[in-house]
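File shown: coords_6.cif (mmCIF, C-alpha atoms).
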```cif
data_upload
#
loop_
_atom_site.group_PDB
_atom_site.id
_atom_site.type_symbol
_atom_site.label_atom_id
_atom_site.label_comp_id
_atom_site.auth_asym_id
_atom_site.auth_seq_id
_atom_site.Cartn_x
_atom_site.Cartn_y
_atom_site.Cartn_z
ATOM 1 C CA MET A 1 -13.870 38.301 -112.545
ATOM 2 C CA PRO A 2 -10.313 39.438 -111.729
ATOM 3 C CA ALA A 3 -8.766 42.498 -113.341
ATOM 4 C CA GLU A 4 -6.777 41.417 -116.384
ATOM 5 C CA VAL A 5 -4.882 43.298 -119.048
ATOM 6 C CA GLY A 6 -7.396 44.792 -121.456
ATOM 7 C CA SER A 7 -10.326 44.620 -119.026
ATOM 8 C CA THR A 8 -12.061 47.543 -117.373
ATOM 9 C CA ALA A 9 -10.703 48.112 -113.869
ATOM 10 C CA PRO A 10 -13.233 47.017 -111.222
ATOM 11 C CA PRO A 11 -14.898 50.001 -109.535
ATOM 12 C CA PHE A 12 -14.295 50.686 -105.861
ATOM 13 C CA SER A 13 -14.970 53.225 -103.153
ATOM 14 C CA LEU A 14 -12.846 53.111 -99.997
ATOM 15 C CA LYS A 15 -11.751 55.437 -97.205
ATOM 16 C CA ASP A 16 -8.283 56.953 -97.385
ATOM 17 C CA GLN A 17 -6.012 57.492 -94.390
ATOM 18 C CA ASP A 18 -7.846 60.752 -93.595
ATOM 19 C CA GLY A 19 -11.328 59.241 -93.756
ATOM 20 C CA ASN A 20 -12.177 60.655 -97.194
ATOM 21 C CA ASP A 21 -14.142 58.529 -99.652
ATOM 22 C CA VAL A 22 -12.020 57.717 -102.700
ATOM 23 C CA ALA A 23 -13.648 56.020 -105.668
ATOM 24 C CA LEU A 24 -12.011 54.915 -108.893
ATOM 25 C CA ALA A 25 -14.732 56.803 -110.785
ATOM 26 C CA GLY A 26 -13.907 59.961 -108.815
ATOM 27 C CA LEU A 27 -10.185 59.966 -109.559
ATOM 28 C CA PRO A 28 -8.904 62.333 -112.236
ATOM 29 C CA GLU A 29 -9.006 60.661 -115.643
ATOM 30 C CA ARG A 30 -5.299 59.982 -116.023
ATOM 31 C CA ASN A 31 -2.944 57.034 -115.770
ATOM 32 C CA THR A 32 -3.001 55.381 -112.359
ATOM 33 C CA LEU A 33 -0.717 53.028 -110.480
ATOM 34 C CA LEU A 34 -3.075 51.077 -108.219
ATOM 35 C CA VAL A 35 -0.658 49.482 -105.757
ATOM 36 C CA PHE A 36 -1.860 46.691 -103.456
ATOM 37 C CA ILE A 37 0.344 45.933 -100.448
ATOM 38 C CA PRO A 38 0.028 43.189 -97.836
ATOM 39 C CA PHE A 39 1.114 44.963 -94.630
ATOM 40 C CA PRO A 40 1.917 48.522 -93.540
ATOM 41 C CA PHE A 41 4.879 48.937 -91.162
ATOM 42 C CA THR A 42 6.854 46.097 -92.747
ATOM 43 C CA GLY A 43 10.227 46.357 -94.440
ATOM 44 C CA ILE A 44 9.281 45.230 -97.933
ATOM 45 C CA CYS A 45 6.049 47.251 -98.209
ATOM 46 C CA GLU A 46 7.706 50.295 -96.681
ATOM 47 C CA GLY A 47 10.674 49.983 -99.031
ATOM 48 C CA GLU A 48 8.423 49.774 -102.065
ATOM 49 C CA LEU A 49 6.308 52.773 -101.066
ATOM 50 C CA CYS A 50 9.326 54.860 -100.039
ATOM 51 C CA GLU A 51 10.750 54.308 -103.509
ATOM 52 C CA ILE A 52 7.441 55.424 -105.026
ATOM 53 C CA ARG A 53 7.371 58.420 -102.645
ATOM 54 C CA ASP A 54 10.901 59.372 -103.674
ATOM 55 C CA HIS A 55 9.902 59.318 -107.370
ATOM 56 C CA LEU A 56 6.432 60.826 -106.950
ATOM 57 C CA GLY A 57 7.452 64.055 -108.685
ATOM 58 C CA GLU A 58 8.476 62.115 -111.783
ATOM 59 C CA PHE A 59 5.170 60.251 -111.801
ATOM 60 C CA SER A 60 3.238 63.504 -111.391
ATOM 61 C CA LYS A 61 5.139 65.185 -114.240
ATOM 62 C CA SER A 62 4.183 62.231 -116.430
ATOM 63 C CA GLY A 63 0.523 62.596 -115.442
ATOM 64 C CA VAL A 64 0.499 59.442 -113.323
ATOM 65 C CA GLN A 65 -1.327 59.246 -110.000
ATOM 66 C CA VAL A 66 -0.501 56.725 -107.292
ATOM 67 C CA VAL A 67 -3.167 55.068 -105.152
ATOM 68 C CA VAL A 68 -2.296 52.395 -102.587
ATOM 69 C CA ILE A 69 -4.677 49.803 -101.142
ATOM 70 C CA THR A 70 -4.115 47.674 -98.056
ATOM 71 C CA CYS A 71 -6.471 45.479 -96.036
ATOM 72 C CA ASP A 72 -5.396 47.259 -92.853
ATOM 73 C CA THR A 73 -7.477 49.927 -91.071
ATOM 74 C CA ARG A 74 -7.425 53.545 -92.156
ATOM 75 C CA TYR A 75 -6.118 54.485 -88.698
ATOM 76 C CA SER A 76 -3.080 52.295 -89.143
ATOM 77 C CA ASN A 77 -2.629 53.639 -92.680
ATOM 78 C CA LYS A 78 -2.777 57.231 -91.371
ATOM 79 C CA LYS A 79 -0.100 56.634 -88.749
ATOM 80 C CA TRP A 80 2.115 54.937 -91.332
ATOM 81 C CA ALA A 81 1.586 57.687 -93.921
ATOM 82 C CA GLU A 82 2.459 60.369 -91.360
ATOM 83 C CA GLU A 83 5.602 58.555 -90.226
ATOM 84 C CA GLN A 84 6.837 57.961 -93.776
ATOM 85 C CA GLY A 85 5.671 61.177 -95.455
ATOM 86 C CA PHE A 86 3.396 59.404 -97.938
ATOM 87 C CA ASP A 87 1.395 62.110 -99.747
ATOM 88 C CA PHE A 88 -0.627 59.732 -101.906
ATOM 89 C CA PRO A 89 -3.883 58.114 -100.829
ATOM 90 C CA ILE A 90 -3.593 54.867 -98.886
ATOM 91 C CA LEU A 91 -6.996 53.235 -98.974
ATOM 92 C CA SER A 92 -8.364 50.812 -96.411
ATOM 93 C CA ASP A 93 -9.910 47.624 -97.804
ATOM 94 C CA PHE A 94 -10.545 46.487 -94.241
ATOM 95 C CA TRP A 95 -14.301 45.990 -94.253
ATOM 96 C CA PRO A 96 -15.816 44.080 -95.875
ATOM 97 C CA HIS A 97 -12.394 42.563 -95.494
ATOM 98 C CA GLY A 98 -10.431 42.493 -98.736
ATOM 99 C CA GLN A 99 -13.453 42.991 -100.978
ATOM 100 C CA VAL A 100 -11.614 45.234 -103.455
ATOM 101 C CA ALA A 101 -8.508 43.023 -103.473
ATOM 102 C CA GLN A 102 -10.820 40.091 -104.204
ATOM 103 C CA SER A 103 -12.444 41.954 -107.098
ATOM 104 C CA TYR A 104 -8.992 42.585 -108.584
ATOM 105 C CA GLY A 105 -7.991 38.943 -108.051
ATOM 106 C CA CYS A 106 -5.141 39.655 -105.648
ATOM 107 C CA PHE A 107 -6.504 38.634 -102.236
ATOM 108 C CA ASN A 108 -4.610 35.983 -100.269
ATOM 109 C CA ASP A 109 -7.350 34.015 -98.478
ATOM 110 C CA THR A 110 -4.885 32.165 -96.278
ATOM 111 C CA LEU A 111 -3.266 35.301 -94.828
ATOM 112 C CA GLY A 112 -6.237 37.652 -95.214
ATOM 113 C CA VAL A 113 -4.164 40.282 -97.039
ATOM 114 C CA ALA A 114 -3.719 41.675 -100.524
ATOM 115 C CA GLN A 115 -1.042 40.064 -102.656
ATOM 116 C CA ARG A 116 1.799 42.274 -103.815
ATOM 117 C CA ALA A 117 0.211 43.476 -107.092
ATOM 118 C CA THR A 118 0.110 46.723 -109.056
ATOM 119 C CA TYR A 119 -2.453 47.502 -111.738
ATOM 120 C CA VAL A 120 -1.441 50.081 -114.317
ATOM 121 C CA ILE A 121 -4.726 51.678 -115.357
ATOM 122 C CA ASP A 122 -5.055 54.162 -118.210
ATOM 123 C CA ALA A 123 -7.220 57.295 -118.302
ATOM 124 C CA ASP A 124 -10.121 55.267 -119.733
ATOM 125 C CA ARG A 125 -10.001 52.926 -116.680
ATOM 126 C CA VAL A 126 -8.614 50.005 -118.689
ATOM 127 C CA VAL A 127 -5.979 47.766 -117.079
ATOM 128 C CA ARG A 128 -2.861 48.014 -119.257
ATOM 129 C CA ARG A 129 -0.339 46.085 -117.159
ATOM 130 C CA VAL A 130 -0.308 43.947 -114.028
ATOM 131 C CA ILE A 131 2.914 43.847 -112.013
ATOM 132 C CA THR A 132 3.185 41.071 -109.430
ATOM 133 C CA THR A 133 5.758 38.937 -107.693
ATOM 134 C CA ASP A 134 5.790 35.217 -106.992
ATOM 135 C CA SER A 135 5.660 35.741 -103.232
ATOM 136 C CA ILE A 136 4.555 38.432 -100.793
ATOM 137 C CA THR A 137 8.113 38.307 -99.443
ATOM 138 C CA THR A 138 9.506 39.454 -102.806
ATOM 139 C CA PRO A 139 9.315 43.180 -103.630
ATOM 140 C CA ARG A 140 8.243 44.449 -107.024
ATOM 141 C CA ASP A 141 11.052 45.757 -109.206
ATOM 142 C CA PHE A 142 10.636 49.533 -109.335
ATOM 143 C CA ASP A 143 11.905 49.638 -112.930
ATOM 144 C CA SER A 144 8.863 47.596 -113.973
ATOM 145 C CA TYR A 145 6.689 50.671 -113.285
ATOM 146 C CA GLU A 146 8.607 52.823 -115.725
ATOM 147 C CA GLY A 147 8.534 50.072 -118.345
ATOM 148 C CA ALA A 148 4.791 49.571 -117.931
ATOM 149 C CA LEU A 149 4.009 53.288 -118.094
ATOM 150 C CA GLN A 150 5.935 53.670 -121.356
ATOM 151 C CA HIS A 151 3.448 51.355 -123.046
ATOM 152 C CA ILE A 152 0.270 53.236 -122.123
#
```

Represent the structure contained in this file as structure tokens.
Amino acid sequence: MPAEVGSTAPPFSLKDQDGNDVALAGLPERNTLLVFIPFPFTGICEGELCEIRDHLGEFSKSGVQVVVITCDTRYSNKKWAEEQGFDFPILSDFWPHGQVAQSYGCFNDTLGVAQRATYVIDADRVVRRVITTDSITTPRDFDSYEGALQHI
């Protein structure tokens, strides 16, 4: 059953770019932006995450943590994080391929990648907002994050 507004966020445990296990249950109990991206090292995904990186201090002050998930390998995610200065966890949903994206209902079977989707999850692990675009070639509007977080 996909993650929908009002439902409990599906549990997961994945490796971050440094090989650490990161589980939803193990994250601090605070508001979370769970950001799924299709491809590291691409203009749209990089642009979106650079904007998040550049506003990370504001998110932190508001008690919001950012966690990114991609279906790429953790090794690729590590290289990308180092090159771009991403200090938030980038989790690898590589194997079993896309299993977490599937559980959230944002896996693109045709391309084998996560759709461009963000789940705003509150401290009780309830999905409060889902931010998506009509196409993986269309970036999410950054202002939609601020709007969604105001309603938690």

A:Ala9, A:Val100, A:Ala117, A:Ala81 ranked by distance to A:Arg140, top pick (using all atoms listed in the file):
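The shortest atom-to-atom distance to A:Arg140 comes from A:Ala117.
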
If you apply the PyMOL selection byres ((chain A and resi 66-77) around 6) to this file, what residues do you get, as a list in words?
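Selected by the PyMOL selection byres ((chain A and resi 66-77) around 6) here: Gln17, Thr32, Leu33, Leu34, Val35, Phe36, Ile37, Gln65, Lys78, Lys79, Trp80, Ala81, Pro89, Ile90, Leu91, Ser92, Asp93, Phe94, Gly98 and Val113 of chain A.
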
As a list in words, please: the residues near A:Ile131 (cut-off 9 Å, all atoms listed in the file, same-chain neighbours under 5 positions excluded).
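Within the cut-off, the hits are Arg116, Ala117, Thr118, Tyr119, Val120, Arg140, Asp141, Ser144, Tyr145 and Ala148 of chain A.
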
Could you write out as AutoDock Vina command-line options the box around stretch 68-79 of chain A (axis-aligned, all atoms listed in the file, 4 Å on each side), with centre and edge lengths in Å to one decimal?
```
--center_x -3.8 --center_y 51.4 --center_z -95.6 --size_x 15.4 --size_y 19.8 --size_z 21.9
```

Straight-line distance linking atom CA of A:Phe12 with atom CA of A:Ser60, stated in Å to one decimal:
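Computed distance, atom CA of A:Phe12 to atom CA of A:Ser60, equals 22.4 Å.
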
For the point (-16.4, 36.0, -110.2) in file coordinates, what residues are within 8 Å, counting all atoms listed in the file? Give the answer as a PyMOL selection string?
chain A and resi 1-2+103

Quick one: of A:Phe39, A:Trp95, A:Phe142, A:Tyr104, who's nearest to A:Glu51, counting only C-alpha atoms?
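Distance minimum relative to A:Glu51 lands on A:Phe142.
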
Since I can't run it myself right now, could you work out what the PyMOL selection byres ((chain A and resi 24) around 10) selects here and report it as a PyMOL selection string?
chain A and resi 9-14+22-23+25-29+32+34+67+125

On this structure, the PyMOL selection byres ((chain A and resi 136) around 8) would catch which residues? List them as JSON, numbers by chain, sorted by chain and number.
{"A": [38, 115, 116, 133, 134, 135, 137, 138, 139]}

Could you work out how far atom CA of A:Asn108 lies from atom CA of A:Arg128, giving the answer in Å with one decimal?
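Here the two named atoms are 22.5 Å from each other.
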
I'd like the interatomic distance between atom CA of A:Val127 and atom CA of A:Cys45, to a tenth of an Å.
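According to the coordinates, atom CA of A:Val127 and atom CA of A:Cys45 are separated by 22.4 Å.
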